[in-house]
>>> print(open('run-v2.cif').read())   # mmCIF, C-alpha atoms
data_target
loop_
_atom_site.label_atom_id
_atom_site.label_comp_id
_atom_site.auth_asym_id
_atom_site.auth_seq_id
_atom_site.Cartn_x
_atom_site.Cartn_y
_atom_site.Cartn_z
CA MET A 1 113.37 184.07 123.55
CA THR A 2 115.10 183.63 120.21
CA ALA A 3 117.09 186.55 118.76
CA GLU A 4 116.12 188.07 115.43
CA PRO A 5 117.72 186.19 112.50
CA ASN A 6 120.99 187.63 111.25
CA VAL A 7 120.69 186.10 107.77
CA ASP A 8 118.11 184.43 105.58
CA VAL A 9 119.75 180.99 105.56
CA VAL A 10 122.47 179.21 107.51
CA CYS A 11 123.95 176.18 105.69
CA LEU A 12 126.04 173.70 107.67
CA GLY A 13 128.18 170.95 106.19
CA GLU A 14 131.44 169.98 104.52
CA SER A 15 132.79 171.53 101.37
CA MET A 16 135.76 170.06 99.56
CA VAL A 17 138.16 170.99 96.83
CA THR A 18 137.07 169.21 93.66
CA PHE A 19 139.35 168.11 90.87
CA LEU A 20 137.60 167.97 87.49
CA PRO A 21 139.15 166.11 84.57
CA SER A 22 140.73 167.98 81.71
CA ARG A 23 139.14 165.55 79.24
CA PRO A 24 136.54 162.74 79.22
CA GLY A 25 137.56 159.25 80.27
CA ARG A 26 138.34 157.10 83.26
CA LEU A 27 140.14 158.65 86.18
CA ALA A 28 143.01 156.30 85.41
CA ASP A 29 143.38 157.89 81.98
CA VAL A 30 142.99 161.59 82.82
CA PRO A 31 146.41 163.33 82.77
CA ASP A 32 145.47 166.50 84.66
CA PHE A 33 142.60 168.19 86.45
CA HIS A 34 140.98 171.57 86.97
CA ARG A 35 140.48 172.70 90.55
CA ALA A 36 136.98 173.72 91.71
CA ILE A 37 134.91 173.39 94.86
CA GLY A 38 132.08 171.05 95.80
CA GLY A 39 129.80 170.65 98.77
CA ALA A 40 126.02 170.35 98.91
CA GLU A 41 125.50 172.86 101.68
CA SER A 42 127.97 175.46 100.41
CA ASN A 43 126.46 175.05 96.92
CA VAL A 44 123.06 175.99 98.35
CA ALA A 45 124.55 178.93 100.26
CA CYS A 46 126.39 180.24 97.18
CA THR A 47 123.32 179.91 94.95
CA LEU A 48 121.08 181.69 97.46
CA ALA A 49 123.61 184.48 97.88
CA ARG A 50 123.87 184.88 94.10
CA ALA A 51 120.05 184.98 93.98
CA GLY A 52 119.98 187.98 96.31
CA HIS A 53 119.58 186.39 99.76
CA THR A 54 121.85 186.61 102.78
CA ALA A 55 123.54 183.30 103.53
CA ARG A 56 126.07 182.00 106.03
CA TRP A 57 128.09 178.78 105.82
CA ILE A 58 129.19 176.90 108.95
CA SER A 59 131.88 174.26 108.63
CA ARG A 60 135.49 173.38 109.38
CA VAL A 61 138.42 173.37 106.96
CA GLY A 62 142.09 172.64 107.37
CA ALA A 63 144.68 175.33 108.04
CA ASP A 64 146.00 174.65 104.55
CA GLY A 65 145.93 176.12 101.08
CA PHE A 66 142.86 174.14 100.09
CA GLY A 67 141.03 175.59 103.08
CA ASP A 68 142.10 179.06 101.96
CA HIS A 69 140.76 178.35 98.49
CA LEU A 70 137.38 177.19 99.80
CA LEU A 71 136.92 180.19 102.04
CA GLU A 72 137.96 182.68 99.37
CA THR A 73 135.79 181.10 96.67
CA ILE A 74 132.66 180.75 98.78
CA ALA A 75 133.04 184.25 100.23
CA ALA A 76 133.39 185.59 96.67
CA SER A 77 129.82 184.41 96.02
CA GLY A 78 128.60 186.67 98.81
CA VAL A 79 128.38 184.05 101.56
CA ASP A 80 129.31 184.92 105.15
CA VAL A 81 132.10 182.48 106.13
CA ARG A 82 133.04 183.97 109.50
CA ALA A 83 131.65 180.94 111.38
CA VAL A 84 133.96 178.52 109.55
CA GLN A 85 136.62 177.05 111.85
CA ARG A 86 140.21 176.28 110.83
CA ASP A 87 141.72 173.01 112.07
CA PRO A 88 145.53 172.92 112.31
CA HIS A 89 145.61 169.12 112.71
CA ARG A 90 143.17 167.85 110.07
CA PRO A 91 143.19 168.50 106.32
CA THR A 92 140.59 169.96 104.04
CA GLY A 93 138.77 167.19 102.17
CA VAL A 94 139.27 166.71 98.44
CA TYR A 95 137.71 164.56 95.76
CA PHE A 96 138.19 163.68 92.12
CA ARG A 97 135.46 162.96 89.62
CA THR A 98 135.01 162.34 85.92
CA ALA A 99 132.92 164.47 83.60
CA GLY A 100 129.92 162.12 83.72
CA GLU A 101 127.06 162.04 86.17
CA ARG A 102 128.26 161.73 89.76
CA ALA A 103 128.33 158.09 90.84
CA THR A 104 126.26 157.11 93.85
CA THR A 105 127.62 153.60 94.37
CA LEU A 106 130.88 152.08 95.51
CA ASP A 107 131.36 150.40 92.15
CA PRO A 108 130.18 152.74 89.39
CA HIS A 109 128.20 151.06 86.63
CA PRO A 110 129.35 151.52 83.03
CA GLY A 111 128.21 154.88 81.71
CA ASN A 112 128.20 156.56 85.11
CA GLY A 113 130.88 158.93 86.28
CA GLU A 114 133.54 158.03 88.79
CA VAL A 115 133.98 159.87 92.04
CA VAL A 116 136.74 159.23 94.57
CA TYR A 117 136.66 160.91 97.98
CA TYR A 118 139.65 161.72 100.17
CA ARG A 119 137.74 163.05 103.15
CA LYS A 120 138.23 160.53 105.96
CA GLY A 121 139.71 162.37 108.92
CA SER A 122 139.02 165.74 107.32
CA ALA A 123 138.55 168.90 109.36
CA ALA A 124 134.80 168.86 108.72
CA SER A 125 134.47 165.26 109.92
CA ALA A 126 135.33 166.55 113.41
CA LEU A 127 132.19 168.72 113.55
CA SER A 128 130.38 167.99 116.82
CA PRO A 129 127.79 169.43 119.21
CA ALA A 130 130.66 170.86 121.26
CA LEU A 131 132.06 172.80 118.28
CA VAL A 132 128.85 174.31 116.87
CA ARG A 133 127.00 176.77 119.06
CA ARG A 134 123.22 176.70 118.85
CA ARG A 135 123.08 180.49 118.50
CA ASP A 136 125.23 180.22 115.36
CA ALA A 137 123.18 177.40 113.84
CA TRP A 138 119.96 179.24 114.67
CA ALA A 139 121.11 182.60 113.31
CA GLY A 140 119.00 182.43 110.12
CA ARG A 141 115.36 182.26 109.15
CA VAL A 142 116.24 178.81 107.76
CA LEU A 143 118.85 176.25 108.80
CA HIS A 144 119.73 174.02 105.84
CA LEU A 145 121.33 170.60 106.41
CA THR A 146 121.94 167.46 104.35
CA GLY A 147 122.30 163.78 105.06
CA ILE A 148 125.90 163.86 103.88
CA THR A 149 127.03 165.38 107.18
CA GLY A 150 125.52 162.54 109.17
CA ALA A 151 127.63 160.04 107.23
CA LEU A 152 131.00 161.63 108.00
CA SER A 153 131.61 160.55 111.61
CA ALA A 154 130.00 159.70 114.93
CA THR A 155 130.44 163.27 116.14
CA CYS A 156 128.80 164.58 112.97
CA ARG A 157 125.85 162.25 113.54
CA ALA A 158 125.54 163.52 117.12
CA LEU A 159 125.51 167.09 115.81
CA MET A 160 122.85 166.26 113.22
CA ARG A 161 120.67 164.60 115.86
CA ARG A 162 120.89 167.71 117.99
CA LEU A 163 120.14 170.10 115.14
CA THR A 164 117.13 168.07 113.92
CA ARG A 165 115.62 167.72 117.40
CA ARG A 166 112.48 169.80 117.66
CA ALA A 167 112.93 172.61 120.18
CA PRO A 168 111.17 175.90 120.94
CA GLY A 169 112.49 178.90 119.05
CA ARG A 170 114.45 177.06 116.38
CA PRO A 171 114.27 178.34 112.79
CA LEU A 172 112.70 176.41 109.94
CA VAL A 173 114.98 173.39 109.48
CA SER A 174 115.47 172.28 105.89
CA PHE A 175 117.00 168.86 105.15
CA ASP A 176 118.11 167.38 101.83
CA VAL A 177 118.48 163.60 102.21
CA ASN A 178 121.36 163.46 99.69
CA HIS A 179 121.93 159.74 100.08
CA ARG A 180 125.48 158.76 99.10
CA PRO A 181 125.78 154.96 99.36
CA ALA A 182 129.58 155.08 99.30
CA LEU A 183 129.53 157.15 102.49
CA TRP A 184 126.97 154.91 104.21
CA HIS A 185 128.76 151.66 103.44
CA GLY A 186 128.20 149.34 106.41
CA ALA A 187 125.84 151.78 108.16
CA ASP A 188 122.05 151.91 108.35
CA PRO A 189 120.63 154.42 105.83
CA TRP A 190 117.39 154.56 107.84
CA LEU A 191 119.24 157.04 110.03
CA LEU A 192 118.58 159.49 107.21
CA ALA A 193 114.84 158.96 107.67
CA GLU A 194 115.24 159.45 111.41
CA LEU A 195 116.94 162.79 110.81
CA ALA A 196 114.38 163.82 108.19
CA ARG A 197 111.48 163.23 110.57
CA GLY A 198 112.79 165.93 112.87
CA CYS A 199 112.86 168.59 110.15
CA ASP A 200 110.27 171.02 108.83
CA LEU A 201 111.12 170.89 105.12
CA VAL A 202 112.60 167.79 103.50
CA PHE A 203 113.93 167.21 99.97
CA VAL A 204 114.42 163.66 98.73
CA GLY A 205 114.84 162.09 95.31
CA GLU A 206 112.44 159.31 94.43
CA ASP A 207 115.37 157.23 93.17
CA GLU A 208 117.45 157.69 96.33
CA ALA A 209 114.47 156.84 98.56
CA GLU A 210 114.11 153.55 96.71
CA ALA A 211 117.85 152.84 96.95
CA ALA A 212 118.12 153.75 100.63
CA TRP A 213 114.79 152.62 102.01
CA GLY A 214 113.10 150.48 99.35
CA LEU A 215 110.24 152.99 98.95
CA PRO A 216 108.83 152.85 95.41
CA ASP A 217 107.11 156.20 94.90
CA ALA A 218 106.24 159.62 96.29
CA ASP A 219 103.19 158.45 98.23
CA ALA A 220 105.17 155.70 99.94
CA ILE A 221 107.83 158.24 100.88
CA ARG A 222 105.20 160.53 102.42
CA ALA A 223 103.76 157.60 104.36
CA ALA A 224 107.23 156.88 105.77
CA LEU A 225 107.91 160.57 106.52
CA PRO A 226 104.63 162.03 107.83
CA GLU A 227 106.21 164.48 110.28
CA PRO A 228 107.78 167.20 108.07
CA ALA A 229 105.30 169.99 107.35
CA VAL A 230 106.68 170.19 103.80
CA LEU A 231 108.04 167.23 101.83
CA VAL A 232 109.41 167.62 98.31
CA VAL A 233 109.94 164.43 96.32
CA LYS A 234 112.19 165.08 93.32
CA GLN A 235 111.40 162.89 90.31
CA GLY A 236 114.09 163.88 87.82
CA ALA A 237 112.91 164.93 84.39
CA ALA A 238 109.32 164.08 85.40
CA GLY A 239 109.24 166.96 87.89
CA ALA A 240 108.61 167.05 91.63
CA THR A 241 105.75 166.36 94.02
CA LEU A 242 105.07 168.57 97.03
CA PHE A 243 103.26 167.36 100.15
CA THR A 244 101.93 169.95 102.60
CA HIS A 245 98.94 170.58 104.90
CA ASP A 246 96.33 173.31 104.58
CA GLU A 247 95.23 175.59 107.43
CA HIS A 248 92.80 172.89 108.61
CA GLY A 249 95.48 170.21 108.78
CA ARG A 250 94.30 168.39 105.67
CA ARG A 251 97.00 166.83 103.54
CA GLN A 252 97.69 168.40 100.17
CA ARG A 253 99.60 167.00 97.21
CA LEU A 254 100.85 169.02 94.24
CA HIS A 255 102.91 167.86 91.27
CA ALA A 256 104.85 170.29 89.08
CA PRO A 257 106.46 168.95 85.89
CA ALA A 258 110.00 169.99 85.05
CA PRO A 259 110.74 171.92 81.87
CA LEU A 260 112.66 170.21 79.11
CA VAL A 261 116.38 170.82 79.62
CA ASP A 262 119.32 170.32 77.27
CA VAL A 263 121.63 168.82 79.88
CA VAL A 264 125.34 169.60 79.91
CA ALA A 265 126.12 167.90 83.25
CA HIS A 266 123.98 166.51 86.06
CA VAL A 267 126.14 167.59 88.99
CA GLY A 268 124.78 170.26 91.30
CA ALA A 269 121.17 170.10 90.10
CA GLY A 270 119.77 168.80 93.39
CA ASP A 271 121.48 171.53 95.39
CA ALA A 272 120.26 174.17 92.95
CA PHE A 273 116.70 172.83 93.19
CA ALA A 274 116.83 173.14 96.97
CA ALA A 275 118.16 176.69 96.68
CA GLY A 276 115.40 177.66 94.24
CA PHE A 277 112.68 176.20 96.44
CA LEU A 278 114.13 177.84 99.55
CA SER A 279 114.42 181.20 97.78
CA ALA A 280 110.76 181.09 96.79
CA THR A 281 109.82 179.96 100.30
CA LEU A 282 111.68 182.90 101.85
CA ARG A 283 109.80 185.19 99.50
CA GLY A 284 106.43 183.69 100.46
CA LEU A 285 105.57 182.50 96.95
CA PRO A 286 102.76 179.97 96.41
CA ALA A 287 103.42 176.23 96.35
CA ARG A 288 103.42 175.82 92.55
CA ASP A 289 105.90 178.66 92.12
CA ARG A 290 108.19 177.24 94.81
CA LEU A 291 108.44 174.02 92.80
CA ARG A 292 108.92 175.90 89.54
CA HIS A 293 111.70 178.05 90.99
CA GLY A 294 113.35 174.81 92.14
CA HIS A 295 113.13 173.46 88.61
CA LEU A 296 114.48 176.68 87.10
CA LEU A 297 117.55 176.85 89.31
CA ALA A 298 118.13 173.13 88.72
CA ALA A 299 117.97 173.85 84.99
CA ALA A 300 120.59 176.58 85.42
CA ALA A 301 122.90 174.01 87.03
CA LEU A 302 122.12 171.31 84.45
CA THR A 303 123.14 173.57 81.57
CA VAL A 304 126.67 174.34 82.84
CA PRO A 305 129.58 171.90 83.32
CA GLY A 306 130.35 172.55 87.02
CA ASP A 307 128.55 172.23 90.36
CA LEU A 308 127.61 175.91 90.56
CA ALA A 309 125.73 178.06 88.08
CA VAL A 310 124.79 181.72 88.14
CA PRO A 311 121.02 181.74 88.73
CA PRO A 312 118.73 183.66 86.38
CA ARG A 313 117.76 187.19 87.35
CA ARG A 314 114.85 187.15 89.78
CA GLU A 315 112.56 188.97 87.34
CA HIS A 316 113.36 186.44 84.63
CA ALA A 317 112.71 183.47 86.90
CA ASP A 318 109.48 185.02 88.19
CA ALA A 319 108.23 185.55 84.65
CA LEU A 320 108.94 181.94 83.71
CA ALA A 321 107.40 180.59 86.92
CA ALA A 322 104.23 182.58 86.19
CA LEU A 323 103.68 180.96 82.77
CA ASP A 324 100.37 179.17 82.27
CA ASP A 325 100.49 175.38 82.26
CA GLU A 326 100.55 175.12 78.46
CA ALA A 327 103.43 177.57 78.08
CA TRP A 328 105.34 175.95 80.95
CA ALA A 329 104.97 172.53 79.31
CA ALA A 330 106.41 173.96 76.06
CA LEU A 331 109.41 175.52 77.80
CA ARG A 332 112.82 174.26 76.78
CA LEU A 333 115.99 175.50 78.47
CA GLY A 334 119.45 175.13 76.95
CA PRO A 335 123.00 176.33 77.68
CA GLY A 336 123.09 180.07 78.32
CA TRP A 337 119.38 180.41 79.06
CA ALA A 338 120.00 181.96 82.50
CA ASP A 339 122.33 184.62 81.08
CA PRO A 340 120.73 188.06 81.62
CA ARG A 341 121.10 188.76 77.91
CA MET A 342 118.76 185.84 77.14
CA ASP A 343 115.79 186.95 79.26
CA ARG A 344 114.08 189.56 77.13
CA GLN A 345 111.40 187.15 75.85
CA PRO A 346 110.37 185.08 78.90
CA HIS A 347 107.23 183.70 77.27
CA ARG A 348 109.02 181.99 74.40
CA GLU A 349 111.11 178.87 74.24
CA VAL A 350 114.52 179.58 75.74
CA SER A 351 117.47 177.56 74.47
CA GLY A 352 121.12 178.07 73.86
#
>>> encode(input="run-v2.cif", output="structure tokens")
Amino acid sequence: MTAEPNVDVVCLGESMVTFLPSRPGRLADVPDFHRAIGGAESNVACTLARAGHTARWISRVGADGFGDHLLETIAASGVDVRAVQRDPHRPTGVYFRTAGERATTLDPHPGNGEVVYYRKGSAASALSPALVRRRDAWAGRVLHLTGITGALSATCRALMRRLTRRAPGRPLVSFDVNHRPALWHGADPWLLAELARGCDLVFVGEDEAEAAWGLPDADAIRAALPEPAVLVVKQGAAGATLFTHDEHGRRQRLHAPAPLVDVVAHVGAGDAFAAGFLSATLRGLPARDRLRHGHLLAAAALTVPGDLAVPPRREHADALAALDDEAWAALRLGPGWADPRMDRQPHREVSG
């Protein structure tokens, strides 16, 4: 018999200290950097906590100052970090990136941002089935994972296989594919599909599915991943497509367009979308509104320069998600739109 959940969501995975450039340009030309944090799973945990849910983060960090910074910053968002382990022998991971869109290849193309990881041998890369107790991973209504963890080490892959194995009493398992080619260099990215098939709710970008698996569109992705009860295919500015089943087991397909967004930076939008969708799922909202809440929290992230954004007040987001199709299509969100001072007229265009 499974114990009652302690929190709404448990997020498991590596977070790192991020160094953001003080000015635009190549990493080689940037003279100094601003310190922040970055990590897909901790981003989701922080966003959910800021949106009024209870969230716990499970990971490992070094017994160093960067580990202190991560724990203090994530806890300050309202996330429970008591399950995070400190490793006296391995460092906290760090990475540097430029102000542009995060690169997803080993050799960034012109116009893309650069990202350089220093995470090999990090404390989080030592995560393993022996170090994560099932009762801790299963302590929430939802367990949220990403494919990034599976790329870090053999022990991390073993842990991911265990956590995505279907077993009686486990919580809803959410999985964001989060394909990072630089991390999978020389390895088979189809492992990500293997992990996804064991989960209940899967998020995947249409572009990353094509890059990782050669699948051209949402329907092909669903054909390759028939097992998850809920599959969300993110399609960038075009919106997202949701695949589910009705009470009779019949397949259902729903597309929700994204609002027009005046983008400041692309980083963190995928994590915010997952947090918005999970928040609406925890609240039992209908399928269309789950997608719209994903789009709204992604828009909050897209209109700020860093990985994390303060989500809109729940009442504001609910009002926007409830717009009719015509009003939703006319919605435009710019910098500052999620600020509580901007939400007095939810049925009008919202821009900075």
>>> resolve_selection(input="run-v2.cif", expression="the PyMOL selection byres ((chain A and resi 155) around 10)", output="tab-separated table (two decimals) with C-alpha atoms, in the frame of the given file")
chain	number	residue	atom	x	y	z
A	125	SER	CA	134.47	165.26	109.92
A	126	ALA	CA	135.33	166.55	113.41
A	127	LEU	CA	132.19	168.72	113.55
A	128	SER	CA	130.38	167.99	116.82
A	129	PRO	CA	127.79	169.43	119.21
A	130	ALA	CA	130.66	170.86	121.26
A	131	LEU	CA	132.06	172.80	118.28
A	149	THR	CA	127.03	165.38	107.18
A	150	GLY	CA	125.52	162.54	109.17
A	151	ALA	CA	127.63	160.04	107.23
A	152	LEU	CA	131.00	161.63	108.00
A	153	SER	CA	131.61	160.55	111.61
A	154	ALA	CA	130.00	159.70	114.93
A	156	CYS	CA	128.80	164.58	112.97
A	157	ARG	CA	125.85	162.25	113.54
A	158	ALA	CA	125.54	163.52	117.12
A	159	LEU	CA	125.51	167.09	115.81
A	160	MET	CA	122.85	166.26	113.22
A	161	ARG	CA	120.67	164.60	115.86
>>> resolve_selection(input="run-v2.cif", expression="the PyMOL selection byres ((chain A and resi 38-41) around 8)", output="number ranges by chain")
A: 11-18, 36-37, 42-45, 57, 144-146, 268, 271, 307
>>> resolve_selection(input="run-v2.cif", expression="the PyMOL selection byres ((chain A and resi 204) around 10)", output="ChimeraX atom specification")
/A:175-179,196,202-203,205-209,218,221,231-235,240,270,274
>>> closest_residue(input="run-v2.cif", among="A:Val142, A:Ala51, A:Leu195, A:Leu27", to="Arg166 (chain A)", atoms="only C-alpha atoms")
A:Leu195
>>> residues_around(input="run-v2.cif", residues="region 248-260 of chain A", least_positions_apart="2", cutoff="6 Å", atoms="all atoms listed in the file", output="number ranges by chain")
A: 237-246, 295, 331-332
>>> closest_residue(input="run-v2.cif", among="A:Thr98, A:Ser22, A:Thr92, A:Asn6", to="Asp80 (chain A)", atoms="only C-alpha atoms")
A:Asn6
>>> build_atoms(input="run-v2.cif", residues="region 166-187 of chain A", atoms="N, CA, C and O atoms", output="PDB file, keeping the file's coordinate frame")
ATOM      1  N   ARG A 166     113.425 168.691 117.564  1.00  0.00           N
ATOM      2  CA  ARG A 166     112.480 169.800 117.660  1.00  0.00           C
ATOM      3  C   ARG A 166     112.635 170.499 119.006  1.00  0.00           C
ATOM      4  O   ARG A 166     112.682 169.840 120.048  1.00  0.00           O
ATOM      5  N   ALA A 167     112.733 171.834 118.964  1.00  0.00           N
ATOM      6  CA  ALA A 167     112.930 172.610 120.180  1.00  0.00           C
ATOM      7  C   ALA A 167     112.303 173.983 119.988  1.00  0.00           C
ATOM      8  O   ALA A 167     112.260 174.513 118.871  1.00  0.00           O
ATOM      9  N   PRO A 168     111.789 174.578 121.057  1.00  0.00           N
ATOM     10  CA  PRO A 168     111.170 175.900 120.940  1.00  0.00           C
ATOM     11  C   PRO A 168     112.157 176.946 120.439  1.00  0.00           C
ATOM     12  O   PRO A 168     113.322 176.958 120.839  1.00  0.00           O
ATOM     13  N   GLY A 169     111.684 177.777 119.528  1.00  0.00           N
ATOM     14  CA  GLY A 169     112.490 178.900 119.050  1.00  0.00           C
ATOM     15  C   GLY A 169     113.431 178.592 117.916  1.00  0.00           C
ATOM     16  O   GLY A 169     114.103 179.512 117.426  1.00  0.00           O
ATOM     17  N   ARG A 170     113.509 177.340 117.473  1.00  0.00           N
ATOM     18  CA  ARG A 170     114.450 177.060 116.380  1.00  0.00           C
ATOM     19  C   ARG A 170     113.889 177.601 115.069  1.00  0.00           C
ATOM     20  O   ARG A 170     112.671 177.761 114.914  1.00  0.00           O
ATOM     21  N   PRO A 171     114.750 177.895 114.096  1.00  0.00           N
ATOM     22  CA  PRO A 171     114.270 178.340 112.790  1.00  0.00           C
ATOM     23  C   PRO A 171     113.667 177.175 112.010  1.00  0.00           C
ATOM     24  O   PRO A 171     113.689 176.024 112.467  1.00  0.00           O
ATOM     25  N   LEU A 172     113.139 177.475 110.845  1.00  0.00           N
ATOM     26  CA  LEU A 172     112.700 176.410 109.940  1.00  0.00           C
ATOM     27  C   LEU A 172     113.926 175.576 109.576  1.00  0.00           C
ATOM     28  O   LEU A 172     114.942 176.124 109.126  1.00  0.00           O
ATOM     29  N   VAL A 173     113.845 174.274 109.784  1.00  0.00           N
ATOM     30  CA  VAL A 173     114.980 173.390 109.480  1.00  0.00           C
ATOM     31  C   VAL A 173     114.698 172.649 108.180  1.00  0.00           C
ATOM     32  O   VAL A 173     113.709 171.908 108.061  1.00  0.00           O
ATOM     33  N   SER A 174     115.557 172.888 107.209  1.00  0.00           N
ATOM     34  CA  SER A 174     115.470 172.280 105.890  1.00  0.00           C
ATOM     35  C   SER A 174     116.506 171.158 105.798  1.00  0.00           C
ATOM     36  O   SER A 174     117.646 171.321 106.251  1.00  0.00           O
ATOM     37  N   PHE A 175     116.116 170.039 105.192  1.00  0.00           N
ATOM     38  CA  PHE A 175     117.000 168.860 105.150  1.00  0.00           C
ATOM     39  C   PHE A 175     116.897 168.209 103.776  1.00  0.00           C
ATOM     40  O   PHE A 175     115.819 167.817 103.333  1.00  0.00           O
ATOM     41  N   ASP A 176     118.039 168.103 103.105  1.00  0.00           N
ATOM     42  CA  ASP A 176     118.110 167.380 101.830  1.00  0.00           C
ATOM     43  C   ASP A 176     118.741 166.019 102.126  1.00  0.00           C
ATOM     44  O   ASP A 176     119.880 165.947 102.602  1.00  0.00           O
ATOM     45  N   VAL A 177     118.017 164.950 101.859  1.00  0.00           N
ATOM     46  CA  VAL A 177     118.480 163.600 102.210  1.00  0.00           C
ATOM     47  C   VAL A 177     119.845 163.309 101.609  1.00  0.00           C
ATOM     48  O   VAL A 177     120.748 162.784 102.275  1.00  0.00           O
ATOM     49  N   ASN A 178     120.040 163.596 100.323  1.00  0.00           N
ATOM     50  CA  ASN A 178     121.360 163.460  99.690  1.00  0.00           C
ATOM     51  C   ASN A 178     122.044 162.149 100.031  1.00  0.00           C
ATOM     52  O   ASN A 178     123.181 162.129 100.512  1.00  0.00           O
ATOM     53  N   HIS A 179     121.379 161.056  99.766  1.00  0.00           N
ATOM     54  CA  HIS A 179     121.930 159.740 100.080  1.00  0.00           C
ATOM     55  C   HIS A 179     123.131 159.437  99.196  1.00  0.00           C
ATOM     56  O   HIS A 179     123.041 159.462  97.968  1.00  0.00           O
ATOM     57  N   ARG A 180     124.273 159.163  99.814  1.00  0.00           N
ATOM     58  CA  ARG A 180     125.480 158.760  99.100  1.00  0.00           C
ATOM     59  C   ARG A 180     125.881 157.379  99.611  1.00  0.00           C
ATOM     60  O   ARG A 180     126.502 157.244 100.675  1.00  0.00           O
ATOM     61  N   PRO A 181     125.516 156.318  98.878  1.00  0.00           N
ATOM     62  CA  PRO A 181     125.780 154.960  99.360  1.00  0.00           C
ATOM     63  C   PRO A 181     127.237 154.714  99.735  1.00  0.00           C
ATOM     64  O   PRO A 181     127.515 153.983 100.691  1.00  0.00           O
ATOM     65  N   ALA A 182     128.166 155.306  98.994  1.00  0.00           N
ATOM     66  CA  ALA A 182     129.580 155.080  99.300  1.00  0.00           C
ATOM     67  C   ALA A 182     129.935 155.574 100.699  1.00  0.00           C
ATOM     68  O   ALA A 182     130.810 155.011 101.367  1.00  0.00           O
ATOM     69  N   LEU A 183     129.260 156.612 101.157  1.00  0.00           N
ATOM     70  CA  LEU A 183     129.530 157.150 102.490  1.00  0.00           C
ATOM     71  C   LEU A 183     128.827 156.357 103.586  1.00  0.00           C
ATOM     72  O   LEU A 183     129.248 156.387 104.744  1.00  0.00           O
ATOM     73  N   TRP A 184     127.745 155.660 103.222  1.00  0.00           N
ATOM     74  CA  TRP A 184     126.970 154.910 104.210  1.00  0.00           C
ATOM     75  C   TRP A 184     127.316 153.429 104.200  1.00  0.00           C
ATOM     76  O   TRP A 184     126.612 152.622 104.805  1.00  0.00           O
ATOM     77  N   HIS A 185     128.390 153.061 103.527  1.00  0.00           N
ATOM     78  CA  HIS A 185     128.760 151.660 103.440  1.00  0.00           C
ATOM     79  C   HIS A 185     128.920 151.050 104.827  1.00  0.00           C
ATOM     80  O   HIS A 185     129.694 151.528 105.651  1.00  0.00           O
ATOM     81  N   GLY A 186     128.135 150.003 105.119  1.00  0.00           N
ATOM     82  CA  GLY A 186     128.200 149.340 106.410  1.00  0.00           C
ATOM     83  C   GLY A 186     127.364 149.986 107.492  1.00  0.00           C
ATOM     84  O   GLY A 186     127.326 149.491 108.630  1.00  0.00           O
ATOM     85  N   ALA A 187     126.692 151.100 107.176  1.00  0.00           N
ATOM     86  CA  ALA A 187     125.840 151.780 108.160  1.00  0.00           C
ATOM     87  C   ALA A 187     124.380 151.697 107.720  1.00  0.00           C
ATOM     88  O   ALA A 187     124.071 151.346 106.584  1.00  0.00           O
TER      89      ALA A 187
END
